[in-house]
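> My structure is in query31.cif, and what it holds is mmCIF, C-alpha atoms:
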data_coords
#
loop_
_atom_site.label_atom_id
_atom_site.label_comp_id
_atom_site.auth_asym_id
_atom_site.auth_seq_id
_atom_site.Cartn_x
_atom_site.Cartn_y
_atom_site.Cartn_z
CA MET A 72 7.50 10.03 1.10
CA ASP A 73 5.00 8.77 3.64
CA LYS A 74 1.41 9.33 2.59
CA PRO A 75 -0.76 10.70 5.40
CA ILE A 76 -3.78 8.61 6.40
CA VAL A 77 -7.20 10.25 6.61
CA ALA A 78 -9.97 8.13 8.18
CA ILE A 79 -13.72 8.59 7.80
CA VAL A 80 -15.61 7.73 11.00
CA GLY A 81 -19.26 7.91 12.02
CA ARG A 82 -22.32 5.82 12.72
CA PRO A 83 -23.98 3.94 9.82
CA ASN A 84 -26.14 5.76 7.26
CA VAL A 85 -24.58 9.22 7.66
CA GLY A 86 -23.09 9.04 4.14
CA LYS A 87 -19.51 7.87 4.86
CA SER A 88 -19.26 5.66 1.78
CA THR A 89 -20.73 8.33 -0.51
CA LEU A 90 -18.16 10.80 0.81
CA PHE A 91 -15.38 8.22 0.34
CA ASN A 92 -16.42 7.60 -3.28
CA ARG A 93 -16.62 11.33 -4.03
CA LEU A 94 -13.16 12.03 -2.58
CA VAL A 95 -11.33 9.19 -4.33
CA ARG A 96 -13.01 9.79 -7.71
CA LYS A 97 -10.05 11.98 -8.66
CA ARG A 98 -7.68 9.08 -8.08
CA ILE A 99 -5.04 8.57 -10.78
CA ALA A 100 -4.17 4.91 -11.27
CA ILE A 101 -0.47 4.62 -12.03
CA THR A 102 -0.25 0.95 -12.98
CA GLN A 103 -2.64 -1.19 -14.95
CA ASP A 104 -4.60 -3.96 -13.26
CA ASP A 105 -2.55 -7.13 -13.32
CA PRO A 106 -4.41 -10.45 -13.20
CA GLY A 107 -4.24 -11.88 -9.70
CA VAL A 108 -3.81 -8.57 -7.90
CA THR A 109 -6.71 -8.13 -5.52
CA ARG A 110 -7.46 -4.78 -3.97
CA ASP A 111 -9.33 -4.20 -0.79
CA ARG A 112 -11.80 -1.37 -1.37
CA LEU A 113 -11.46 -0.25 2.23
CA TYR A 114 -8.68 2.18 1.36
CA GLN A 115 -7.77 4.22 -1.73
CA GLU A 116 -5.30 6.85 -2.72
CA ALA A 117 -6.88 10.31 -2.99
CA GLU A 118 -5.36 13.49 -4.40
CA TRP A 119 -6.05 17.20 -4.08
CA GLN A 120 -3.86 20.05 -5.39
CA ASN A 121 -1.13 17.51 -6.11
CA ARG A 122 -1.06 16.34 -2.47
CA TYR A 123 -1.64 12.60 -2.07
CA PHE A 124 -3.08 10.78 0.92
CA THR A 125 -4.59 7.40 1.80
CA LEU A 126 -8.30 7.66 2.51
CA VAL A 127 -9.81 4.98 4.74
CA ASP A 128 -13.51 4.22 4.88
CA THR A 129 -14.66 2.62 8.12
CA GLY A 130 -18.11 2.19 6.54
CA GLY A 131 -19.90 -1.09 6.12
CA LEU A 132 -20.20 -1.83 9.82
CA GLU A 133 -23.87 -2.67 9.95
CA PRO A 134 -24.39 -4.24 13.36
CA LYS A 135 -26.26 -7.55 13.47
CA ASN A 136 -28.27 -6.42 16.46
CA LYS A 137 -28.88 -3.21 18.40
CA GLU A 138 -26.84 -4.30 21.43
CA LEU A 139 -23.70 -4.52 19.34
CA PHE A 140 -24.46 -1.20 17.63
CA SER A 141 -22.57 1.18 19.90
CA LYS A 142 -19.78 -1.28 20.64
CA GLU A 143 -18.90 -1.75 17.00
CA ILE A 144 -18.88 1.91 15.97
CA LEU A 145 -16.85 2.81 19.05
CA GLY A 146 -14.35 0.07 18.21
CA GLN A 147 -14.17 1.53 14.72
CA ALA A 148 -13.50 5.03 16.07
CA LYS A 149 -10.68 3.70 18.27
CA VAL A 150 -8.94 2.01 15.35
CA ALA A 151 -9.21 5.20 13.28
CA ILE A 152 -7.57 7.10 16.13
CA ASP A 153 -4.73 4.57 16.21
CA THR A 154 -3.96 4.80 12.52
CA ALA A 155 -4.98 8.17 11.10
CA GLU A 156 -3.36 11.57 11.06
CA ILE A 157 -6.66 13.34 10.35
CA ILE A 158 -10.13 12.05 11.24
CA LEU A 159 -13.25 13.07 9.33
CA PHE A 160 -16.10 12.58 11.81
CA VAL A 161 -19.27 12.45 9.68
CA VAL A 162 -22.69 13.26 11.15
CA ASP A 163 -26.13 13.63 9.57
CA GLY A 164 -27.22 17.30 9.25
CA ARG A 165 -30.87 16.30 8.79
CA THR A 166 -31.19 13.98 11.78
CA GLY A 167 -29.22 16.14 14.18
CA ILE A 168 -27.11 14.85 17.08
CA THR A 169 -27.72 11.31 18.36
CA PRO A 170 -26.39 9.61 21.53
CA ASP A 171 -23.97 7.59 19.34
CA ASP A 172 -22.59 10.80 17.84
CA ARG A 173 -21.95 12.11 21.37
CA GLU A 174 -20.14 8.96 22.41
CA ILE A 175 -17.93 8.92 19.30
CA ALA A 176 -17.17 12.64 19.81
CA ASN A 177 -16.04 11.96 23.40
CA ILE A 178 -13.55 9.33 22.26
CA LEU A 179 -12.26 11.43 19.36
CA ARG A 180 -11.75 14.56 21.46
CA LYS A 181 -9.50 12.69 23.90
CA SER A 182 -7.31 11.45 21.03
CA LYS A 183 -5.42 14.73 20.47
CA LYS A 184 -5.71 14.02 16.71
CA GLU A 185 -6.81 16.54 14.06
CA ILE A 186 -10.59 16.17 13.77
CA ILE A 187 -12.86 17.74 11.17
CA LEU A 188 -16.57 17.46 11.98
CA VAL A 189 -18.24 16.88 8.61
CA VAL A 190 -21.96 17.69 8.73
CA ASN A 191 -23.34 15.82 5.72
CA LYS A 192 -26.66 16.14 3.84
CA VAL A 193 -26.63 19.95 4.15
CA ASP A 194 -28.01 20.81 0.72
CA ASN A 195 -30.06 23.92 1.34
CA LYS A 196 -30.10 27.12 3.40
CA LYS A 197 -32.56 25.79 5.98
CA PHE A 198 -30.23 22.92 6.92
CA ASN A 199 -27.20 25.22 6.76
CA ASP A 200 -28.51 27.17 9.79
CA SER A 201 -29.00 23.98 11.77
CA ILE A 202 -25.29 23.11 11.79
CA TYR A 203 -24.74 25.34 14.84
CA GLU A 204 -26.24 22.69 17.13
CA PHE A 205 -23.26 20.48 16.28
CA TYR A 206 -20.91 22.77 18.20
CA GLU A 207 -22.34 20.96 21.24
CA LEU A 208 -20.05 18.02 20.30
CA GLY A 209 -17.04 20.13 21.31
CA ILE A 210 -15.25 20.02 17.94
CA ASP A 211 -14.53 23.50 16.59
CA ASN A 212 -13.68 22.66 12.98
CA ILE A 213 -17.07 22.09 11.33
CA LYS A 214 -17.56 21.67 7.59
CA PRO A 215 -21.10 21.49 6.14
CA ILE A 216 -21.26 19.41 2.95
CA SER A 217 -23.55 17.38 0.74
CA ALA A 218 -21.59 14.35 -0.44
CA GLU A 219 -24.51 13.28 -2.63
CA ASN A 220 -24.52 16.63 -4.50
CA SER A 221 -20.75 17.27 -4.22
CA LEU A 222 -21.33 20.52 -2.30
CA GLY A 223 -18.59 21.87 -0.03
CA LEU A 224 -16.07 19.15 -0.96
CA GLY A 225 -13.46 21.59 -2.28
CA ASP A 226 -13.39 23.48 1.03
CA LEU A 227 -13.17 20.21 2.93
CA LEU A 228 -10.24 18.98 0.81
CA ASP A 229 -8.44 22.33 1.17
CA ASP A 230 -8.74 21.96 4.93
CA ILE A 231 -7.50 18.36 4.89
CA VAL A 232 -4.31 18.98 2.86
CA GLU A 233 -3.52 22.15 4.81
CA LYS A 234 -3.21 20.06 7.96
CA PHE A 235 -0.64 17.58 6.63
CA GLN A 236 2.57 17.79 8.60
CA VAL A 237 5.75 17.82 6.54
CA ASP A 238 7.85 15.21 8.27
CA LEU A 239 11.39 16.60 8.04
CA ASP A 240 12.89 13.38 9.28
CA VAL A 241 11.34 11.46 6.40
CA ILE A 242 12.71 14.02 3.94
CA ASN A 243 16.18 13.93 5.50
CA ASN A 244 16.24 10.15 5.30
CA ASN A 245 15.18 9.98 1.68
CA GLU A 246 18.61 8.70 0.58
CA THR A 247 18.53 5.78 3.02
CA THR A 248 16.98 2.56 1.72
CA LYS A 249 13.93 1.68 3.78
CA VAL A 250 12.98 -1.96 4.28
CA ALA A 251 9.50 -2.85 5.62
CA ILE A 252 9.02 -6.27 7.21
CA ILE A 253 5.38 -7.13 6.49
CA GLY A 254 3.11 -10.09 7.05
CA LYS A 255 0.43 -11.46 9.33
CA PRO A 256 0.74 -11.53 13.13
CA ASN A 257 2.85 -14.34 14.62
CA VAL A 258 4.93 -15.06 11.52
CA GLY A 259 8.08 -13.90 13.32
CA LYS A 260 8.52 -10.29 12.18
CA SER A 261 9.69 -9.01 15.57
CA SER A 262 12.05 -11.95 16.08
CA LEU A 263 13.56 -11.36 12.65
CA ILE A 264 14.16 -7.68 13.36
CA ASN A 265 15.68 -8.43 16.77
CA ARG A 266 17.92 -11.01 15.13
CA LEU A 267 18.97 -8.63 12.34
CA LEU A 268 19.66 -5.75 14.68
CA GLY A 269 21.30 -7.86 17.38
CA GLU A 270 23.67 -9.55 14.99
CA ASP A 271 27.16 -8.04 14.55
CA ARG A 272 26.01 -5.27 16.92
CA MET A 273 24.38 -3.36 14.05
CA ILE A 274 23.49 -0.60 16.40
CA VAL A 275 19.93 0.71 16.54
CA THR A 276 18.59 4.21 16.84
CA ASN A 277 14.86 4.73 16.92
CA ILE A 278 14.05 7.59 14.59
CA ALA A 279 11.72 10.08 16.19
CA GLY A 280 8.91 11.50 14.13
CA THR A 281 8.67 8.83 11.46
CA THR A 282 6.83 6.17 13.42
CA ARG A 283 3.12 5.66 13.20
CA ASP A 284 2.29 2.27 14.69
CA SER A 285 5.58 1.00 13.32
CA ILE A 286 9.08 1.20 14.72
CA ASP A 287 11.98 2.44 12.59
CA SER A 288 15.55 1.31 13.30
CA LYS A 289 18.74 2.34 11.53
CA PHE A 290 21.44 -0.22 10.83
CA LYS A 291 24.46 -0.73 8.60
CA TYR A 292 25.33 -3.75 6.49
CA LYS A 293 28.60 -3.90 4.53
CA GLY A 294 28.99 -0.13 4.77
CA GLU A 295 25.48 0.64 3.49
CA GLU A 296 22.91 2.29 5.74
CA TYR A 297 19.32 1.04 5.92
CA VAL A 298 16.18 1.86 7.86
CA LEU A 299 14.19 -1.15 9.03
CA ILE A 300 10.44 -0.55 9.43
CA ASP A 301 8.86 -3.04 11.80
CA THR A 302 5.11 -3.44 11.35
CA ALA A 303 4.91 -6.00 14.15
CA GLY A 304 2.69 -3.62 16.13
CA LEU A 305 -0.13 -4.72 13.85
CA ARG A 306 -1.45 -7.36 16.21
CA ARG A 307 -3.94 -5.90 18.64
CA LYS A 308 -3.85 -7.51 22.07
CA ARG A 309 -7.56 -7.37 22.85
CA ALA A 310 -10.11 -9.43 21.00
CA ILE A 311 -11.63 -7.40 18.19
CA ASN A 312 -14.11 -8.14 15.46
CA GLU A 313 -13.15 -9.08 11.92
CA GLU A 314 -13.87 -5.69 10.37
CA ILE A 315 -11.38 -4.01 12.68
CA GLU A 316 -8.82 -6.80 12.21
CA ARG A 317 -9.14 -6.19 8.48
CA TYR A 318 -8.73 -2.47 9.04
CA SER A 319 -5.35 -3.01 10.72
CA VAL A 320 -4.04 -3.76 7.22
CA VAL A 321 -4.07 0.01 6.71
CA ARG A 322 -1.12 0.37 9.06
CA THR A 323 0.87 -2.07 6.98
CA LEU A 324 0.01 0.02 3.90
CA SER A 325 1.37 3.10 5.61
CA ALA A 326 4.66 1.31 6.31
CA MET A 327 4.82 0.02 2.72
CA ASP A 328 4.14 3.48 1.27
CA ARG A 329 7.30 4.85 2.82
CA SER A 330 9.51 1.83 2.15
CA ASP A 331 11.65 0.92 -0.86
CA ILE A 332 11.79 -2.83 -0.26
CA CYS A 333 9.05 -4.99 1.27
CA VAL A 334 9.96 -8.33 2.84
CA LEU A 335 6.79 -10.42 3.08
CA MET A 336 7.10 -13.04 5.82
CA ILE A 337 5.05 -16.20 5.38
CA ASP A 338 4.56 -18.93 7.98
CA ALA A 339 5.87 -22.20 6.50
CA GLU A 340 3.19 -24.21 8.33
CA GLU A 341 0.36 -21.99 7.10
CA GLY A 342 1.49 -21.17 3.55
CA VAL A 343 0.21 -18.16 1.56
CA THR A 344 -3.02 -16.69 2.93
CA GLU A 345 -5.50 -14.33 1.31
CA GLN A 346 -4.24 -11.47 3.47
CA ASP A 347 -0.65 -12.14 2.30
CA SER A 348 -1.87 -11.94 -1.28
CA LYS A 349 -3.64 -8.60 -0.68
CA ILE A 350 -0.72 -7.02 1.13
CA ILE A 351 1.92 -8.06 -1.42
CA GLY A 352 -0.48 -7.11 -4.26
CA TYR A 353 -0.54 -3.58 -2.88
CA ALA A 354 3.29 -3.50 -2.79
CA HIS A 355 3.39 -4.73 -6.41
CA ASP A 356 0.90 -2.04 -7.48
CA ALA A 357 2.89 0.62 -5.65
CA GLY A 358 6.05 -0.38 -7.57
CA LYS A 359 7.99 -1.59 -4.51
CA ALA A 360 10.92 -4.00 -4.61
CA MET A 361 10.02 -7.28 -2.90
CA ILE A 362 11.34 -10.45 -1.26
CA ILE A 363 9.30 -13.37 0.05
CA SER A 364 10.68 -14.93 3.23
CA VAL A 365 9.27 -18.29 4.36
CA ASN A 366 9.87 -18.51 8.11
CA LYS A 367 9.67 -21.50 10.52
CA TRP A 368 11.14 -23.76 7.83
CA ASP A 369 12.65 -25.88 10.66
CA LEU A 370 9.13 -27.05 11.60
CA ILE A 371 8.44 -28.62 8.19
CA GLU A 372 9.12 -32.31 7.58
CA LYS A 373 11.28 -32.25 4.49
CA ASP A 374 12.39 -34.50 1.66
CA SER A 375 14.40 -33.76 -1.49
CA LYS A 376 11.39 -32.09 -3.17
CA SER A 377 10.14 -29.91 -0.29
CA TYR A 378 11.73 -26.67 -1.52
CA ASP A 379 10.53 -27.08 -5.08
CA ASN A 380 7.00 -28.05 -4.08
CA PHE A 381 6.63 -25.18 -1.62
CA GLU A 382 8.02 -22.67 -4.08
CA ARG A 383 5.69 -23.96 -6.80
CA GLU A 384 2.74 -23.53 -4.44
CA ILE A 385 3.72 -19.90 -3.67
CA ARG A 386 4.21 -19.11 -7.38
CA LYS A 387 0.81 -20.59 -8.14
CA LYS A 388 -0.99 -18.50 -5.50
CA LEU A 389 0.96 -15.32 -6.29
CA GLY A 390 1.10 -15.74 -10.07
CA PHE A 391 1.78 -12.06 -10.68
CA LEU A 392 5.02 -12.20 -8.64
CA ASN A 393 7.20 -14.62 -10.59
CA TYR A 394 10.07 -12.13 -10.46
CA VAL A 395 10.21 -12.04 -6.65
CA PRO A 396 12.96 -14.14 -4.98
CA ILE A 397 11.99 -16.57 -2.19
CA ILE A 398 14.15 -17.43 0.81
CA PHE A 399 13.43 -20.31 3.23
CA MET A 400 14.62 -19.56 6.76
CA SER A 401 14.20 -20.13 10.47
CA VAL A 402 14.67 -17.01 12.55
CA LYS A 403 14.54 -19.06 15.75
CA ASN A 404 17.45 -21.30 14.66
CA ASN A 405 19.27 -18.46 12.85
CA LEU A 406 19.00 -20.44 9.61
CA ARG A 407 19.82 -18.38 6.47
CA VAL A 408 19.09 -15.05 8.21
CA HIS A 409 22.40 -13.64 6.88
CA LYS A 410 21.29 -14.68 3.35
CA LEU A 411 18.31 -12.36 3.66
CA PHE A 412 20.71 -9.43 3.99
CA GLU A 413 22.56 -10.41 0.84
CA MET A 414 19.23 -10.66 -0.93
CA ILE A 415 18.10 -7.20 0.31
CA GLN A 416 21.35 -5.73 -1.02
CA ALA A 417 21.02 -7.46 -4.41
CA VAL A 418 17.37 -6.44 -4.82
CA ASN A 419 18.22 -2.86 -3.82
CA ASN A 420 20.89 -2.75 -6.57
CA ASN A 421 18.37 -4.10 -9.11
CA TYR A 422 15.88 -1.43 -8.04
CA SER A 423 18.37 1.28 -9.08
CA MET A 424 19.53 -0.44 -12.28
CA ARG A 425 19.48 1.57 -15.50
CA VAL A 426 19.75 -0.03 -18.95
CA SER A 427 21.04 2.04 -21.87
CA THR A 428 18.66 2.78 -24.76
CA GLY A 429 21.03 1.09 -27.22
CA ILE A 430 20.98 -2.23 -25.36
CA LEU A 431 17.22 -2.05 -24.81
CA ASN A 432 16.63 -1.65 -28.52
CA ASP A 433 18.90 -4.59 -29.32
CA ILE A 434 16.70 -6.66 -26.97
CA ILE A 435 13.50 -5.32 -28.62
CA ASN A 436 14.74 -5.98 -32.18
CA ASP A 437 15.74 -9.50 -31.20
CA ALA A 438 12.37 -10.10 -29.49
CA VAL A 439 10.40 -8.84 -32.52
CA LEU A 440 12.48 -11.04 -34.84
CA HIS A 441 11.73 -14.20 -32.83
CA ASN A 442 8.09 -13.40 -32.11
CA PRO A 443 6.49 -10.76 -34.40
CA PRO A 444 4.00 -8.33 -32.77
CA PRO A 445 0.25 -9.03 -33.08
CA THR A 446 -2.01 -7.63 -35.80
CA ASP A 447 -5.58 -6.42 -35.58
CA LYS A 448 -7.79 -5.95 -38.67
CA GLY A 449 -4.72 -6.12 -40.86
CA VAL A 450 -2.74 -3.51 -38.89
CA ARG A 451 0.42 -4.79 -37.21
CA LEU A 452 1.82 -3.32 -33.99
CA LYS A 453 5.09 -1.54 -34.72
CA ILE A 454 7.56 -0.89 -31.93
CA PHE A 455 9.83 2.01 -32.90
CA TYR A 456 12.05 2.08 -29.82
CA MET A 457 12.14 1.78 -26.04
CA THR A 458 13.96 3.82 -23.41
CA GLN A 459 14.25 3.69 -19.62
CA VAL A 460 13.11 6.98 -18.06
CA SER A 461 13.49 6.32 -14.33
CA THR A 462 14.53 3.88 -11.59
CA ARG A 463 13.09 2.72 -8.22
CA PRO A 464 11.00 1.20 -9.83
CA PRO A 465 12.52 0.97 -13.34
CA LYS A 466 10.13 2.59 -15.80
CA PHE A 467 10.27 2.16 -19.57
CA LEU A 468 8.64 4.16 -22.37
CA ILE A 469 7.76 2.14 -25.47
CA TYR A 470 7.09 4.16 -28.64
CA VAL A 471 4.59 2.38 -30.92
CA ASN A 472 2.34 3.12 -33.90
CA LYS A 473 -0.95 2.26 -32.08
CA SER A 474 -1.03 1.63 -28.35
CA GLU A 475 -4.28 -0.40 -28.46
CA LEU A 476 -2.48 -3.04 -30.57
CA MET A 477 -0.17 -3.87 -27.63
CA HIS A 478 -1.81 -6.90 -26.02
CA PHE A 479 -1.10 -7.61 -22.39
CA SER A 480 0.54 -10.93 -23.33
CA TYR A 481 2.95 -9.27 -25.78
CA GLN A 482 3.97 -6.68 -23.22
CA ARG A 483 4.61 -9.53 -20.78
CA TYR A 484 6.75 -11.20 -23.49
CA ILE A 485 8.87 -8.01 -23.84
CA GLU A 486 9.19 -7.81 -20.06
CA ASN A 487 10.40 -11.42 -19.94
CA GLN A 488 13.03 -10.67 -22.62
CA ILE A 489 14.36 -7.76 -20.54
CA ARG A 490 14.43 -9.93 -17.42
CA GLU A 491 16.32 -12.68 -19.27
CA ASN A 492 19.06 -10.19 -20.16
CA PHE A 493 19.14 -8.28 -16.87
CA SER A 494 18.37 -9.73 -13.46
CA PHE A 495 15.79 -7.25 -12.12
CA SER A 496 15.05 -9.97 -9.54
CA GLY A 497 12.63 -8.69 -6.88
CA VAL A 498 11.74 -5.57 -8.87
CA PRO A 499 8.49 -4.74 -10.73
CA LEU A 500 8.99 -3.17 -14.16
CA VAL A 501 6.64 -0.36 -15.21
CA PHE A 502 5.80 0.19 -18.90
CA GLU A 503 4.17 3.17 -20.53
CA LEU A 504 3.11 3.22 -24.18
CA ARG A 505 3.49 6.35 -26.31
CA GLU A 506 2.25 6.70 -29.85
CA ARG A 507 4.79 8.34 -32.14
CA GLY A 508 3.95 11.98 -32.55
CA GLU A 509 2.63 12.36 -28.99
#
Please re-express this file's structure in structure tokens.


Amino acid sequence: MDKPIVAIVGRPNVGKSTLFNRLVRKRIAITQDDPGVTRDRLYQEAEWQNRYFTLVDTGGLEPKNKELFSKEILGQAKVAIDTAEIILFVVDGRTGITPDDREIANILRKSKKEIILVVNKVDNKKFNDSIYEFYELGIDNIKPISAENSLGLGDLLDDIVEKFQVDLDVINNNETTKVAIIGKPNVGKSSLINRLLGEDRMIVTNIAGTTRDSIDSKFKYKGEEYVLIDTAGLRRKRAINEEIERYSVVRTLSAMDRSDICVLMIDAEEGVTEQDSKIIGYAHDAGKAMIISVNKWDLIEKDSKSYDNFEREIRKKLGFLNYVPIIFMSVKNNLRVHKLFEMIQAVNNNYSMRVSTGILNDIINDAVLHNPPPTDKGVRLKIFYMTQVSTRPPKFLIYVNKSELMHFSYQRYIENQIRENFSFSGVPLVFELRERGE
């Protein structure tokens, strides 16, 4: 289900980053760090009372000069309004209200979003009394805290999770496979969606209530129903600074969080960019099924080796995604667009695939026979058995004698053996080690 987005806004030096670090400290990492997966520290998953949300820090905007000061923090506030469900407006309880605080408050109040005014650095009784002056900002919900000393954070978190709306439409559509079209601006996301929805009159209904900077459309393909999530709204029309451009990635994350399959569109003339790598790395970490679509292939001068060379280049830059299928297409010329649908259907089937324990253990026994597990200080890793415990993504439990003996490379070897026997194309596999007796 869609994770709500909570944004932290405020002028520099009010303690936004400290608050961010305190709130995400409880984060539970589900997958291990894979080499090559970069994470942008701007956003993190946070959890409170078993409710999960994406926390966004708009910190780090230190203006180069005083003239830019107000402009940049106001720009930041506007982006937070665009993307977040709840806004934590942080002010400094020691300094009191500043003109910049007033200006940010004016913008936030007009947004009709849920706003919590977080008065930070309130770590004793004297400061506690001074919070009343902040009612002047016109925001009723005020929470005094000290991020540095972790005071008042429990109350703040209670208030945050209480405000999350349960989106009934998202719940009702849980059975429908959701496909997010992701990628940088101008790679052809909107054109692809128009082409997909316009073809064969696959009729569109915009789903109310599920959109947040992205447009959801229902369509049918070969009797199966899908929801297409278009993140094309990512490009902002007006010129904005780099920090805010980078922050727009958060909207893509929101779309990915509620999708099953992510189709990353790459511009054939530009190749894989750093932003592509970050976005698809997040999808990989989140256990999403994936397809890479290289668009504008008609603009490339080709010879007999063009496909192979381009694919090799993508595999090199996205080394952790060797299992993801690549399709070369031209939306403009309607080249191979129908193939993308076949691929979505195949990847969706792989995402739900379940392998019986008997077959898995045949694969394991065979793998161990051909390449014995590693030893450490005379103790050899023993694999007792493996079983698949869930799908979407497929998750496997491996029962071993000592989990620390399982090197990353040997786990990758086991994964490759499973992939050789079963397609699992486009699908990340998740492994969890259990020591016998646990």

> Could you please give me, as a ChimeraX atom specification, the residues of protein, DNA or RNA lying at most 9 Å from (8.7, 0.7, -30.5) in the coordinate frame of the file, considering all atoms listed in the file?

/A:432,435,452-457,468-472,504-507

> Could you tell me, as JSON, numbers by chain, exactly which residues end up selected when the PyMOL selection byres ((chain A and resi 367) around 7) is applied to this structure?

{"A": [338, 339, 365, 366, 368, 369, 370, 400, 401]}

> I want to know what sits within 10 Å of range 219-228 of chain A, based on all atoms listed in the file, with residues of the same chain fewer than 3 positions away left out; could you give that as an mmCIF file with C-alpha atoms, in the frame of the given file?


data_model
loop_
_atom_site.group_PDB
_atom_site.id
_atom_site.type_symbol
_atom_site.label_atom_id
_atom_site.label_comp_id
_atom_site.auth_asym_id
_atom_site.auth_seq_id
_atom_site.Cartn_x
_atom_site.Cartn_y
_atom_site.Cartn_z
ATOM 1 C CA GLY A 86 -23.090 9.040 4.140
ATOM 2 C CA THR A 89 -20.730 8.330 -0.510
ATOM 3 C CA LEU A 90 -18.160 10.800 0.810
ATOM 4 C CA ASN A 92 -16.420 7.600 -3.280
ATOM 5 C CA ARG A 93 -16.620 11.330 -4.030
ATOM 6 C CA LEU A 94 -13.160 12.030 -2.580
ATOM 7 C CA GLU A 118 -5.360 13.490 -4.400
ATOM 8 C CA TRP A 119 -6.050 17.200 -4.080
ATOM 9 C CA GLN A 120 -3.860 20.050 -5.390
ATOM 10 C CA LEU A 159 -13.250 13.070 9.330
ATOM 11 C CA ILE A 187 -12.860 17.740 11.170
ATOM 12 C CA VAL A 189 -18.240 16.880 8.610
ATOM 13 C CA ASN A 191 -23.340 15.820 5.720
ATOM 14 C CA LYS A 192 -26.660 16.140 3.840
ATOM 15 C CA VAL A 193 -26.630 19.950 4.150
ATOM 16 C CA ASP A 194 -28.010 20.810 0.720
ATOM 17 C CA ILE A 213 -17.070 22.090 11.330
ATOM 18 C CA LYS A 214 -17.560 21.670 7.590
ATOM 19 C CA PRO A 215 -21.100 21.490 6.140
ATOM 20 C CA ILE A 216 -21.260 19.410 2.950
ATOM 21 C CA ILE A 231 -7.500 18.360 4.890
ATOM 22 C CA VAL A 232 -4.310 18.980 2.860
ATOM 23 C CA GLU A 233 -3.520 22.150 4.810
#

> Excluding Leu179 in chain A and any residue of its chain fewer than 4 positions from it, enumerate the residues within 10 Å of it, using all atoms listed in the file, and give them as a list in words.

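Using all atoms listed in the file, the neighbours found are Val80, Leu145, Ala148, Lys149, Ala151, Ile152, Ile158, Phe160, Arg173, Glu174, Ile175, Lys183, Lys184, Glu185, Ile186 and Ile210 of chain A.
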
> In Å to one decimal, how far is CA of Lys466 in chain A from CA of Val501 in chain A?

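Computing the Euclidean distance for CA of Val501 in chain A and CA of Lys466 in chain A yields 4.6 Å.
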
> CA of Val334 in chain A and CA of Val258 in chain A are how many Å apart?

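These two atoms are separated by 12.1 Å.
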
> Between CA of Ile300 in chain A and CA of Gly342 in chain A, what is the distance in Å, rounded to a tenth?

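Atom-to-atom, CA of Ile300 in chain A to CA of Gly342 in chain A, that is 23.2 Å.
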
> Taking the file as I've supplied it (selection: the PyMOL selection byres ((chain A and resi 495) around 12)), which residues are included? Please answer as an MDAnalysis selection string.

chainID A and resid 360:361 393:396 417:426 462:466 486:494 496:501

> Specify as a ChimeraX atom specification each residue included when the PyMOL selection byres ((chain A and resi 345-350) around 7) is applied to this file.

/A:109-110,254,343-344,351-354,389

> Could you write those residues out with C-alpha atoms, as a PDB file, in the coordinates of the input?


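Contents of out.pdb, as written:
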ATOM      1  CA  THR A 109      -6.710  -8.130  -5.520  1.00  0.00           C
ATOM      2  CA  ARG A 110      -7.460  -4.780  -3.970  1.00  0.00           C
ATOM      3  CA  GLY A 254       3.110 -10.090   7.050  1.00  0.00           C
ATOM      4  CA  VAL A 343       0.210 -18.160   1.560  1.00  0.00           C
ATOM      5  CA  THR A 344      -3.020 -16.690   2.930  1.00  0.00           C
ATOM      6  CA  ILE A 351       1.920  -8.060  -1.420  1.00  0.00           C
ATOM      7  CA  GLY A 352      -0.480  -7.110  -4.260  1.00  0.00           C
ATOM      8  CA  TYR A 353      -0.540  -3.580  -2.880  1.00  0.00           C
ATOM      9  CA  ALA A 354       3.290  -3.500  -2.790  1.00  0.00           C
ATOM     10  CA  LEU A 389       0.960 -15.320  -6.290  1.00  0.00           C
TER      11      LEU A 389
END

> With a distance cut-off of 7 Å and all atoms listed in the file, select the neighbouring residues of Thr323 in chain A, excluding the residue or stretch itself and same-chain residues fewer than 4 positions from it, and output the selection as a PyMOL selection string.

chain A and resi 253+302+327

> Counting all atoms listed in the file, which residue out of A:Ile178, A:Ile332, A:Val161, A:Val95 sits closest to Pro83 in chain A?

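That would be A:Val161, the residue with the smallest distance to Pro83 in chain A.
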
> Which of these residues is nearest to Gly81 in chain A, using only C-alpha atoms: A:Gln115, A:Thr129, A:Asn177, A:Thr166?

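Of all the options, A:Thr129 lies closest to Gly81 in chain A.
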